[in-house]
>>> print(open('entry_30.pdb').read())   # PDB, C-alpha atoms, pLDDT in the B column
MODEL        1
ATOM      1  CA  PHE A  59       4.621   3.235  15.409  1.00 40.00           C
ATOM      2  CA  SER A  60       3.331   3.764  18.925  1.00 41.00           C
ATOM      3  CA  GLY A  61       3.741   7.498  19.352  1.00 44.00           C
ATOM      4  CA  LYS A  62       5.761   7.181  22.589  1.00 44.00           C
ATOM      5  CA  GLU A  63       8.335   9.853  23.361  1.00 45.00           C
ATOM      6  CA  GLY A  64      11.293   7.596  22.554  1.00 45.00           C
ATOM      7  CA  ASP A  65       9.701   6.621  19.251  1.00 55.00           C
ATOM      8  CA  GLN A  66       9.085  10.304  18.506  1.00 58.00           C
ATOM      9  CA  ASP A  67      12.796  11.025  18.986  1.00 58.00           C
ATOM     10  CA  MET A  68      13.735   8.109  16.735  1.00 54.00           C
ATOM     11  CA  LEU A  69      11.278   9.298  14.113  1.00 65.00           C
ATOM     12  CA  GLU A  70      12.762  12.801  14.179  1.00 69.00           C
ATOM     13  CA  VAL A  71      16.263  11.430  13.657  1.00 62.00           C
ATOM     14  CA  ALA A  72      14.962   9.254  10.802  1.00 66.00           C
ATOM     15  CA  ALA A  73      13.101  12.214   9.319  1.00 72.00           C
ATOM     16  CA  GLN A  74      16.222  14.372   9.374  1.00 75.00           C
ATOM     17  CA  GLY A  75      18.181  11.741   7.490  1.00 82.00           C
ATOM     18  CA  GLY A  76      15.297  11.030   5.147  1.00 87.00           C
ATOM     19  CA  PHE A  77      14.697  14.700   4.423  1.00 89.00           C
ATOM     20  CA  ALA A  78      18.320  15.257   3.447  1.00 88.00           C
ATOM     21  CA  VAL A  79      18.188  12.308   1.033  1.00 90.00           C
ATOM     22  CA  ALA A  80      14.726  13.052  -0.342  1.00 91.00           C
ATOM     23  CA  ASP A  81      15.581  16.715  -1.032  1.00 91.00           C
ATOM     24  CA  ALA A  82      17.558  15.698  -4.107  1.00 92.00           C
ATOM     25  CA  ASP A  83      18.027  19.219  -5.493  1.00 93.00           C
ATOM     26  CA  GLY A  84      19.010  20.644  -2.087  1.00 90.00           C
ATOM     27  CA  ASN A  85      16.507  23.504  -2.174  1.00 92.00           C
ATOM     28  CA  GLY A  86      15.307  22.888   1.386  1.00 90.00           C
ATOM     29  CA  ALA A  87      11.989  21.351   0.385  1.00 92.00           C
ATOM     30  CA  VAL A  88      10.768  17.988  -0.926  1.00 93.00           C
ATOM     31  CA  SER A  89       8.541  17.943  -3.998  1.00 93.00           C
ATOM     32  CA  GLU A  90       6.004  15.203  -4.703  1.00 91.00           C
ATOM     33  CA  ALA A  91       8.307  13.850  -7.424  1.00 92.00           C
ATOM     34  CA  GLU A  92      11.244  13.724  -4.991  1.00 94.00           C
ATOM     35  CA  LEU A  93       9.040  12.083  -2.368  1.00 92.00           C
ATOM     36  CA  ARG A  94       8.019   9.439  -4.897  1.00 92.00           C
ATOM     37  CA  VAL A  95      11.656   8.586  -5.674  1.00 93.00           C
ATOM     38  CA  TRP A  96      12.603   8.495  -1.978  1.00 92.00           C
ATOM     39  CA  LEU A  97       9.720   6.169  -1.052  1.00 92.00           C
ATOM     40  CA  LYS A  98      10.618   3.787  -3.869  1.00 91.00           C
ATOM     41  CA  ASN A  99      14.236   3.749  -2.695  1.00 90.00           C
ATOM     42  CA  ILE A 100      13.208   2.697   0.830  1.00 88.00           C
ATOM     43  CA  GLY A 101      11.032  -0.147  -0.437  1.00 89.00           C
ATOM     44  CA  TYR A 102       7.548   1.333  -0.849  1.00 92.00           C
ATOM     45  CA  THR A 103       5.538   1.576  -4.056  1.00 94.00           C
ATOM     46  CA  PRO A 104       4.378   5.212  -4.188  1.00 92.00           C
ATOM     47  CA  LEU A 105       0.907   4.880  -5.692  1.00 94.00           C
ATOM     48  CA  LYS A 106      -0.441   8.179  -6.936  1.00 92.00           C
ATOM     49  CA  GLN A 107      -3.734   8.208  -5.015  1.00 92.00           C
ATOM     50  CA  ASN A 108      -2.043   7.227  -1.721  1.00 93.00           C
ATOM     51  CA  LEU A 109       0.672   9.833  -2.087  1.00 91.00           C
ATOM     52  CA  GLU A 110      -1.721  12.595  -3.098  1.00 90.00           C
ATOM     53  CA  GLU A 111      -3.997  11.954  -0.096  1.00 93.00           C
ATOM     54  CA  MET A 112      -1.170  12.120   2.448  1.00 92.00           C
ATOM     55  CA  PHE A 113       0.617  14.958   0.676  1.00 89.00           C
ATOM     56  CA  ALA A 114      -2.566  17.045   0.811  1.00 90.00           C
ATOM     57  CA  GLU A 115      -2.897  16.357   4.558  1.00 93.00           C
ATOM     58  CA  VAL A 116       0.534  17.729   5.425  1.00 93.00           C
ATOM     59  CA  ASP A 117       1.191  20.387   2.743  1.00 88.00           C
ATOM     60  CA  LYS A 118      -0.344  23.074   4.941  1.00 85.00           C
ATOM     61  CA  ASP A 119       0.782  26.064   2.875  1.00 86.00           C
ATOM     62  CA  GLY A 120      -0.288  24.519  -0.435  1.00 84.00           C
ATOM     63  CA  SER A 121       3.170  25.000  -1.927  1.00 88.00           C
ATOM     64  CA  CYS A 122       3.225  21.474  -3.406  1.00 87.00           C
ATOM     65  CA  GLU A 123       6.525  20.984  -1.550  1.00 92.00           C
ATOM     66  CA  LEU A 124       7.230  19.787   1.990  1.00 93.00           C
ATOM     67  CA  ASP A 125       9.497  21.655   4.388  1.00 92.00           C
ATOM     68  CA  PHE A 126      11.103  19.649   7.194  1.00 90.00           C
ATOM     69  CA  ASN A 127       8.128  19.938   9.589  1.00 90.00           C
ATOM     70  CA  GLU A 128       5.703  18.885   6.859  1.00 92.00           C
ATOM     71  CA  PHE A 129       8.015  16.032   5.876  1.00 91.00           C
ATOM     72  CA  PHE A 130       8.091  14.901   9.525  1.00 90.00           C
ATOM     73  CA  ASP A 131       4.275  14.947   9.616  1.00 91.00           C
ATOM     74  CA  PHE A 132       4.201  12.976   6.358  1.00 92.00           C
ATOM     75  CA  MET A 133       6.512  10.319   7.802  1.00 89.00           C
ATOM     76  CA  LEU A 134       4.377  10.088  10.939  1.00 90.00           C
ATOM     77  CA  ILE A 135       1.167   9.556   8.956  1.00 92.00           C
ATOM     78  CA  PHE A 136       2.867   7.212   6.505  1.00 91.00           C
ATOM     79  CA  MET A 137       4.223   5.017   9.322  1.00 88.00           C
ATOM     80  CA  GLN A 138       0.958   5.007  11.249  1.00 91.00           C
ATOM     81  CA  ARG A 139      -0.985   3.865   8.180  1.00 94.00           C
ATOM     82  CA  GLU A 140       1.830   1.816   6.616  1.00 93.00           C
ATOM     83  CA  GLY A 141       1.373   3.860   3.450  1.00 93.00           C
ATOM     84  CA  PHE A 142      -2.312   2.969   3.016  1.00 95.00           C
ATOM     85  CA  ARG A 143      -5.116   5.453   2.436  1.00 95.00           C
ATOM     86  CA  LYS A 144      -7.450   6.218   5.334  1.00 95.00           C
ATOM     87  CA  SER A 145     -10.354   4.334   3.766  1.00 94.00           C
ATOM     88  CA  VAL A 146      -8.219   1.194   3.287  1.00 94.00           C
ATOM     89  CA  VAL A 147      -6.994   1.273   6.896  1.00 96.00           C
ATOM     90  CA  ALA A 148     -10.619   1.636   8.044  1.00 95.00           C
ATOM     91  CA  GLU A 149     -11.581  -1.434   5.990  1.00 92.00           C
ATOM     92  CA  PHE A 150      -8.676  -3.408   7.445  1.00 93.00           C
ATOM     93  CA  ARG A 151      -9.731  -2.337  10.943  1.00 95.00           C
ATOM     94  CA  LYS A 152     -13.290  -3.477  10.352  1.00 93.00           C
ATOM     95  CA  THR A 153     -12.110  -6.895   9.159  1.00 92.00           C
ATOM     96  CA  PHE A 154      -9.605  -7.198  12.028  1.00 94.00           C
ATOM     97  CA  ASP A 155     -12.297  -6.425  14.621  1.00 94.00           C
ATOM     98  CA  ARG A 156     -14.609  -9.011  13.075  1.00 92.00           C
ATOM     99  CA  PHE A 157     -11.942 -11.709  13.523  1.00 92.00           C
ATOM    100  CA  ASP A 158     -11.041 -10.473  17.019  1.00 91.00           C
ATOM    101  CA  GLU A 159     -14.048 -12.290  18.457  1.00 86.00           C
ATOM    102  CA  ASP A 160     -13.011 -12.050  22.114  1.00 87.00           C
ATOM    103  CA  GLY A 161     -12.193  -8.327  21.902  1.00 89.00           C
ATOM    104  CA  SER A 162      -8.615  -8.892  23.091  1.00 90.00           C
ATOM    105  CA  GLY A 163      -7.157  -6.567  20.463  1.00 92.00           C
ATOM    106  CA  GLU A 164      -5.328  -9.486  18.867  1.00 91.00           C
ATOM    107  CA  ILE A 165      -6.033 -12.141  16.274  1.00 92.00           C
ATOM    108  CA  SER A 166      -4.456 -15.557  15.885  1.00 89.00           C
ATOM    109  CA  ALA A 167      -1.960 -15.978  13.083  1.00 84.00           C
ATOM    110  CA  LEU A 168      -3.833 -19.185  12.275  1.00 82.00           C
ATOM    111  CA  GLU A 169      -6.862 -17.095  11.268  1.00 86.00           C
ATOM    112  CA  LEU A 170      -4.964 -15.116   8.636  1.00 89.00           C
ATOM    113  CA  ALA A 171      -5.867 -17.450   5.771  1.00 86.00           C
ATOM    114  CA  ASP A 172      -9.586 -16.909   6.465  1.00 88.00           C
ATOM    115  CA  LEU A 173      -9.042 -13.178   6.936  1.00 90.00           C
ATOM    116  CA  PHE A 174      -7.190 -12.899   3.637  1.00 90.00           C
ATOM    117  CA  ARG A 175      -9.970 -14.719   1.818  1.00 87.00           C
ATOM    118  CA  ASP A 176     -12.455 -12.351   3.420  1.00 87.00           C
ATOM    119  CA  LEU A 177     -10.562  -9.422   1.892  1.00 86.00           C
ATOM    120  CA  GLY A 178     -10.272 -11.099  -1.503  1.00 85.00           C
ATOM    121  CA  TYR A 179      -6.520 -11.688  -1.229  1.00 86.00           C
ATOM    122  CA  SER A 180      -4.842 -14.984  -2.008  1.00 81.00           C
ATOM    123  CA  ALA A 181      -1.705 -16.158  -0.237  1.00 83.00           C
ATOM    124  CA  THR A 182      -0.261 -19.582   0.471  1.00 85.00           C
ATOM    125  CA  LEU A 183       0.246 -20.801   4.033  1.00 84.00           C
ATOM    126  CA  ASP A 184       4.010 -20.608   3.488  1.00 89.00           C
ATOM    127  CA  GLU A 185       3.710 -16.967   2.424  1.00 88.00           C
ATOM    128  CA  LEU A 186       1.561 -16.140   5.442  1.00 89.00           C
ATOM    129  CA  HIS A 187       4.009 -17.913   7.760  1.00 89.00           C
ATOM    130  CA  SER A 188       6.850 -15.852   6.280  1.00 91.00           C
ATOM    131  CA  PHE A 189       4.945 -12.591   6.761  1.00 91.00           C
ATOM    132  CA  VAL A 190       3.997 -13.472  10.349  1.00 92.00           C
ATOM    133  CA  SER A 191       7.640 -14.242  11.211  1.00 91.00           C
ATOM    134  CA  LYS A 192       8.558 -10.723  10.084  1.00 92.00           C
ATOM    135  CA  VAL A 193       5.920  -8.852  12.106  1.00 93.00           C
ATOM    136  CA  ASP A 194       5.227 -11.008  15.176  1.00 89.00           C
ATOM    137  CA  ALA A 195       7.912  -9.411  17.355  1.00 82.00           C
ATOM    138  CA  ASN A 196       7.370 -11.589  20.450  1.00 83.00           C
ATOM    139  CA  GLY A 197       6.653 -14.843  18.593  1.00 85.00           C
ATOM    140  CA  SER A 198       3.254 -15.244  20.243  1.00 87.00           C
ATOM    141  CA  ASN A 199       1.435 -16.141  17.002  1.00 87.00           C
ATOM    142  CA  GLN A 200      -1.012 -13.413  18.010  1.00 90.00           C
ATOM    143  CA  LEU A 201      -1.100 -10.202  15.991  1.00 93.00           C
ATOM    144  CA  ASP A 202      -2.278  -6.846  17.265  1.00 93.00           C
ATOM    145  CA  PHE A 203      -3.639  -4.355  14.739  1.00 94.00           C
ATOM    146  CA  ARG A 204      -0.276  -2.639  14.315  1.00 93.00           C
ATOM    147  CA  GLU A 205       1.411  -5.956  13.435  1.00 93.00           C
ATOM    148  CA  TYR A 206      -1.471  -6.935  11.191  1.00 94.00           C
ATOM    149  CA  LEU A 207      -1.269  -3.615   9.325  1.00 95.00           C
ATOM    150  CA  ARG A 208       2.470  -4.100   8.842  1.00 94.00           C
ATOM    151  CA  LEU A 209       1.802  -7.602   7.511  1.00 95.00           C
ATOM    152  CA  MET A 210      -0.721  -6.206   5.034  1.00 94.00           C
ATOM    153  CA  ARG A 211       1.903  -3.721   3.830  1.00 95.00           C
ATOM    154  CA  LEU A 212       4.429  -6.529   3.273  1.00 93.00           C
ATOM    155  CA  TYR A 213       1.823  -8.516   1.357  1.00 93.00           C
ATOM    156  CA  ARG A 214       0.765  -5.456  -0.639  1.00 95.00           C
ATOM    157  CA  GLU A 215       4.327  -4.767  -1.745  1.00 95.00           C
ATOM    158  CA  GLU A 216       4.650  -8.370  -2.967  1.00 93.00           C
ATOM    159  CA  GLU A 217       1.361  -7.983  -4.821  1.00 94.00           C
ATOM    160  CA  LEU A 218       2.425  -4.667  -6.358  1.00 96.00           C
ATOM    161  CA  ARG A 219       5.676  -6.226  -7.556  1.00 95.00           C
ATOM    162  CA  ARG A 220       3.675  -8.931  -9.354  1.00 95.00           C
ATOM    163  CA  ILE A 221       1.412  -6.306 -10.900  1.00 96.00           C
ATOM    164  CA  GLU A 222       4.425  -4.245 -11.980  1.00 96.00           C
ATOM    165  CA  LEU A 223       6.026  -7.222 -13.730  1.00 97.00           C
ATOM    166  CA  VAL A 224       2.842  -7.822 -15.719  1.00 97.00           C
ATOM    167  CA  PHE A 225       2.537  -4.106 -16.456  1.00 98.00           C
ATOM    168  CA  LEU A 226       6.091  -4.015 -17.828  1.00 97.00           C
ATOM    169  CA  ASP A 227       5.351  -7.046 -20.012  1.00 97.00           C
ATOM    170  CA  PHE A 228       2.301  -5.407 -21.591  1.00 97.00           C
ATOM    171  CA  GLN A 229       3.160  -1.708 -21.717  1.00 97.00           C
ATOM    172  CA  GLU A 230       3.727  -0.023 -25.070  1.00 96.00           C
ATOM    173  CA  PRO A 231       7.373   1.058 -25.404  1.00 94.00           C
ATOM    174  CA  LYS A 232       6.493   4.425 -26.934  1.00 95.00           C
ATOM    175  CA  THR A 233       3.808   5.486 -24.461  1.00 96.00           C
ATOM    176  CA  GLY A 234       4.722   3.536 -21.330  1.00 97.00           C
ATOM    177  CA  LEU A 235       1.030   2.566 -21.065  1.00 97.00           C
ATOM    178  CA  ILE A 236      -0.949  -0.648 -21.527  1.00 97.00           C
ATOM    179  CA  HIS A 237      -3.194  -0.256 -24.550  1.00 96.00           C
ATOM    180  CA  GLN A 238      -6.899  -0.601 -23.793  1.00 95.00           C
ATOM    181  CA  THR A 239      -7.141  -3.658 -26.074  1.00 95.00           C
ATOM    182  CA  LYS A 240      -4.476  -5.496 -24.032  1.00 96.00           C
ATOM    183  CA  LEU A 241      -6.026  -4.941 -20.599  1.00 96.00           C
ATOM    184  CA  ALA A 242      -8.052  -8.167 -20.493  1.00 96.00           C
ATOM    185  CA  GLU A 243      -4.975 -10.230 -21.358  1.00 97.00           C
ATOM    186  CA  ALA A 244      -2.859  -8.368 -18.794  1.00 97.00           C
ATOM    187  CA  LEU A 245      -5.476  -8.944 -16.078  1.00 96.00           C
ATOM    188  CA  ALA A 246      -5.660 -12.632 -17.001  1.00 96.00           C
ATOM    189  CA  ALA A 247      -1.909 -12.851 -16.353  1.00 96.00           C
ATOM    190  CA  LEU A 248      -2.767 -11.868 -12.768  1.00 94.00           C
ATOM    191  CA  ASN A 249      -5.647 -14.386 -12.641  1.00 90.00           C
ATOM    192  CA  ASN A 250      -8.090 -11.480 -12.730  1.00 91.00           C
ATOM    193  CA  GLU A 251     -11.041 -10.803 -14.965  1.00 90.00           C
ATOM    194  CA  ALA A 252     -12.984  -7.583 -15.438  1.00 89.00           C
ATOM    195  CA  PRO A 253     -16.437  -7.314 -17.037  1.00 86.00           C
ATOM    196  CA  LYS A 254     -16.394  -6.218 -20.671  1.00 89.00           C
ATOM    197  CA  SER A 255     -18.510  -3.204 -19.698  1.00 89.00           C
ATOM    198  CA  VAL A 256     -15.701  -2.052 -17.371  1.00 90.00           C
ATOM    199  CA  LEU A 257     -12.971  -2.678 -19.940  1.00 93.00           C
ATOM    200  CA  ARG A 258     -14.846  -0.719 -22.602  1.00 91.00           C
ATOM    201  CA  LYS A 259     -14.751   2.369 -20.354  1.00 93.00           C
ATOM    202  CA  GLN A 260     -11.008   2.087 -19.776  1.00 95.00           C
ATOM    203  CA  LYS A 261      -8.453   4.244 -21.544  1.00 95.00           C
ATOM    204  CA  ASP A 262      -4.846   3.185 -22.024  1.00 97.00           C
ATOM    205  CA  ASN A 263      -3.586   2.404 -18.515  1.00 97.00           C
ATOM    206  CA  SER A 264      -0.662   3.861 -16.615  1.00 96.00           C
ATOM    207  CA  PHE A 265       0.767   1.716 -13.817  1.00 97.00           C
ATOM    208  CA  ASP A 266      -1.457   3.453 -11.246  1.00 96.00           C
ATOM    209  CA  ASP A 267      -4.507   2.964 -13.475  1.00 96.00           C
ATOM    210  CA  PHE A 268      -3.703  -0.718 -13.895  1.00 97.00           C
ATOM    211  CA  VAL A 269      -3.306  -1.201 -10.117  1.00 96.00           C
ATOM    212  CA  LYS A 270      -6.731   0.393  -9.566  1.00 95.00           C
ATOM    213  CA  LEU A 271      -8.232  -1.889 -12.210  1.00 96.00           C
ATOM    214  CA  ALA A 272      -6.681  -5.005 -10.640  1.00 95.00           C
ATOM    215  CA  ASP A 273      -7.901  -3.865  -7.208  1.00 93.00           C
ATOM    216  CA  SER A 274     -11.414  -3.410  -8.570  1.00 92.00           C
ATOM    217  CA  CYS A 275     -11.375  -7.033  -9.778  1.00 90.00           C
ATOM    218  CA  ARG A 276     -10.552  -8.174  -6.245  1.00 87.00           C
ATOM    219  CA  SER A 277     -13.351  -6.007  -4.819  1.00 83.00           C
ATOM    220  CA  ASP A 278     -15.769  -7.556  -7.311  1.00 80.00           C
ATOM    221  CA  ARG A 279     -14.748 -11.061  -6.170  1.00 76.00           C
ATOM    222  CA  VAL A 280     -15.412 -10.120  -2.541  1.00 71.00           C
ATOM    223  CA  ALA A 281     -18.799  -8.639  -3.439  1.00 68.00           C
ATOM    224  CA  LYS A 282     -19.817 -11.895  -5.142  1.00 66.00           C
TER     225      LYS A 282
ENDMDL
END
>>> encode(input="entry_30.pdb", output="structure tokens")
Amino acid sequence: FSGKEGDQDMLEVAAQGGFAVADADGNGAVSEAELRVWLKNIGYTPLKQNLEEMFAEVDKDGSCELDFNEFFDFMLIFMQREGFRKSVVAEFRKTFDRFDEDGSGEISALELADLFRDLGYSATLDELHSFVSKVDANGSNQLDFREYLRLMRLYREEELRRIELVFLDFQEPKTGLIHQTKLAEALAALNNEAPKSVLRKQKDNSFDDFVKLADSCRSDRVAK
């Protein structure tokens, strides 16, 4: 999203349509629960910590519901950050700038494999090629930060789908949680491993908890 006037008009039209759909009970405001359902329906995984951060930024009256103007602001922020938290976007920016050695504001698609490894992500060359084809609008094989951020969102959604499948395999039917004693096995199914000291501190995991745990394993790999 570039913020140009034409884009702003398009965003407002999209927001109007989105608001009408998201406001499931028709009360003229969108709750966090309604927002969560709407985001999932348009292809995003609404992680709790991401949603809460953005919701807090735009819910100016503290009503825990978004009127149309607040919903528009939410969409603007969500599109600008591709649904990521501010701290994650800042980390992506730092990595992008490190690979943009000539300061052109672009990186070569050929460098993505190295960049992904730098972030602790794993993706095959075929997967990266597929992602690039979806975001590289002019086919230059050069990605600006906006395209790169969109690519990271596409990759993240694929990753979250894999995590969700494992979560569903290991969750307890009665509680909808993964029992603390099953966490190591569930992480292993994702080719992750957490120190026993970390696992001992864990409670039964919700999906959001399990995503945070899997993410922490990746961060640990990068740190090593």
>>> residues_around(input="entry_30.pdb", residues="stretch 203-212 of chain A", least_positions_apart="3", cutoff="7 Å", atoms="all atoms listed in the file", output="PDB file with C-alpha atoms, in the coordinates of the input")
ATOM      1  CA  GLU A 140       1.830   1.816   6.616  1.00 93.00           C
ATOM      2  CA  GLU A 164      -5.328  -9.486  18.867  1.00 91.00           C
ATOM      3  CA  PHE A 189       4.945 -12.591   6.761  1.00 91.00           C
ATOM      4  CA  VAL A 190       3.997 -13.472  10.349  1.00 92.00           C
ATOM      5  CA  VAL A 193       5.920  -8.852  12.106  1.00 93.00           C
ATOM      6  CA  ASP A 194       5.227 -11.008  15.176  1.00 89.00           C
ATOM      7  CA  GLU A 215       4.327  -4.767  -1.745  1.00 95.00           C
ATOM      8  CA  GLU A 216       4.650  -8.370  -2.967  1.00 93.00           C
TER       9      GLU A 216
END
>>> resolve_selection(input="entry_30.pdb", expression="the PyMOL selection byres ((chain A and resi 138) around 10)", output="tab-separated table (two decimals) with C-alpha atoms, in the coordinates of the input")
chain	number	residue	atom	x	y	z
A	59	PHE	CA	4.62	3.24	15.41
A	60	SER	CA	3.33	3.76	18.92
A	61	GLY	CA	3.74	7.50	19.35
A	132	PHE	CA	4.20	12.98	6.36
A	133	MET	CA	6.51	10.32	7.80
A	134	LEU	CA	4.38	10.09	10.94
A	135	ILE	CA	1.17	9.56	8.96
A	136	PHE	CA	2.87	7.21	6.50
A	137	MET	CA	4.22	5.02	9.32
A	139	ARG	CA	-0.98	3.86	8.18
A	140	GLU	CA	1.83	1.82	6.62
A	141	GLY	CA	1.37	3.86	3.45
A	142	PHE	CA	-2.31	2.97	3.02
A	147	VAL	CA	-6.99	1.27	6.90
A	204	ARG	CA	-0.28	-2.64	14.32
A	207	LEU	CA	-1.27	-3.62	9.32
A	208	ARG	CA	2.47	-4.10	8.84
>>> resolve_selection(input="entry_30.pdb", expression="the PyMOL selection byres ((chain A and resi 244) around 12)", output="PyMOL selection string")
chain A and resi 220-229+235-243+245-252+257+263+265+268-269+271-272
>>> resolve_selection(input="entry_30.pdb", expression="the PyMOL selection byres ((chain A and resi 92) around 12)", output="number ranges by chain")
A: 76-91, 93-99, 104, 109, 122-124, 129
>>> build_atoms(input="entry_30.pdb", residues="stretch 183-204 of chain A", atoms="N, CA and C atoms", output="mmCIF file, in the frame of the given file")
data_model
loop_
_atom_site.group_PDB
_atom_site.id
_atom_site.type_symbol
_atom_site.label_atom_id
_atom_site.label_comp_id
_atom_site.auth_asym_id
_atom_site.auth_seq_id
_atom_site.Cartn_x
_atom_site.Cartn_y
_atom_site.Cartn_z
ATOM 1 N N LEU A 183 -0.076 -20.712 2.608
ATOM 2 C CA LEU A 183 0.246 -20.801 4.033
ATOM 3 C C LEU A 183 1.720 -20.500 4.281
ATOM 4 N N ASP A 184 2.573 -20.896 3.346
ATOM 5 C CA ASP A 184 4.010 -20.608 3.488
ATOM 6 C C ASP A 184 4.260 -19.106 3.431
ATOM 7 N N GLU A 185 3.562 -18.421 2.515
ATOM 8 C CA GLU A 185 3.710 -16.967 2.424
ATOM 9 C C GLU A 185 3.240 -16.290 3.705
ATOM 10 N N LEU A 186 2.099 -16.735 4.209
ATOM 11 C CA LEU A 186 1.561 -16.140 5.442
ATOM 12 C C LEU A 186 2.508 -16.383 6.612
ATOM 13 N N HIS A 187 3.067 -17.596 6.684
ATOM 14 C CA HIS A 187 4.009 -17.913 7.760
ATOM 15 C C HIS A 187 5.218 -16.988 7.690
ATOM 16 N N SER A 188 5.692 -16.738 6.478
ATOM 17 C CA SER A 188 6.850 -15.852 6.280
ATOM 18 C C SER A 188 6.525 -14.426 6.728
ATOM 19 N N PHE A 189 5.342 -13.945 6.360
ATOM 20 C CA PHE A 189 4.945 -12.591 6.761
ATOM 21 C C PHE A 189 4.805 -12.490 8.283
ATOM 22 N N VAL A 190 4.194 -13.490 8.891
ATOM 23 C CA VAL A 190 3.997 -13.472 10.349
ATOM 24 C C VAL A 190 5.347 -13.423 11.060
ATOM 25 N N SER A 191 6.317 -14.199 10.571
ATOM 26 C CA SER A 191 7.640 -14.242 11.211
ATOM 27 C C SER A 191 8.321 -12.873 11.179
ATOM 28 N N LYS A 192 7.938 -12.048 10.215
ATOM 29 C CA LYS A 192 8.558 -10.723 10.084
ATOM 30 C C LYS A 192 7.894 -9.665 10.962
ATOM 31 N N VAL A 193 6.643 -9.899 11.357
ATOM 32 C CA VAL A 193 5.920 -8.852 12.106
ATOM 33 C C VAL A 193 5.585 -9.238 13.545
ATOM 34 N N ASP A 194 5.603 -10.533 13.837
ATOM 35 C CA ASP A 194 5.227 -11.008 15.176
ATOM 36 C C ASP A 194 6.455 -10.914 16.084
ATOM 37 N N ALA A 195 6.669 -9.718 16.645
ATOM 38 C CA ALA A 195 7.912 -9.411 17.355
ATOM 39 C C ALA A 195 8.188 -10.358 18.522
ATOM 40 N N ASN A 196 7.143 -10.749 19.264
ATOM 41 C CA ASN A 196 7.370 -11.589 20.450
ATOM 42 C C ASN A 196 7.110 -13.073 20.197
ATOM 43 N N GLY A 197 6.834 -13.431 18.949
ATOM 44 C CA GLY A 197 6.653 -14.843 18.593
ATOM 45 C C GLY A 197 5.454 -15.505 19.241
ATOM 46 N N SER A 198 4.432 -14.710 19.537
ATOM 47 C CA SER A 198 3.254 -15.244 20.243
ATOM 48 C C SER A 198 2.238 -15.897 19.313
ATOM 49 N N ASN A 199 2.420 -15.695 17.994
ATOM 50 C CA ASN A 199 1.435 -16.141 17.002
ATOM 51 C C ASN A 199 0.100 -15.426 17.168
ATOM 52 N N GLN A 200 0.142 -14.309 17.890
ATOM 53 C CA GLN A 200 -1.012 -13.413 18.010
ATOM 54 C C GLN A 200 -0.597 -12.058 17.443
ATOM 55 N N LEU A 201 -1.427 -11.483 16.607
ATOM 56 C CA LEU A 201 -1.100 -10.202 15.991
ATOM 57 C C LEU A 201 -2.031 -9.117 16.493
ATOM 58 N N ASP A 202 -1.443 -8.002 16.973
ATOM 59 C CA ASP A 202 -2.278 -6.846 17.265
ATOM 60 C C ASP A 202 -2.493 -6.083 15.955
ATOM 61 N N PHE A 203 -3.292 -5.029 15.995
ATOM 62 C CA PHE A 203 -3.639 -4.355 14.739
ATOM 63 C C PHE A 203 -2.417 -3.749 14.065
ATOM 64 N N ARG A 204 -1.490 -3.242 14.866
ATOM 65 C CA ARG A 204 -0.276 -2.639 14.315
ATOM 66 C C ARG A 204 0.520 -3.687 13.526
#
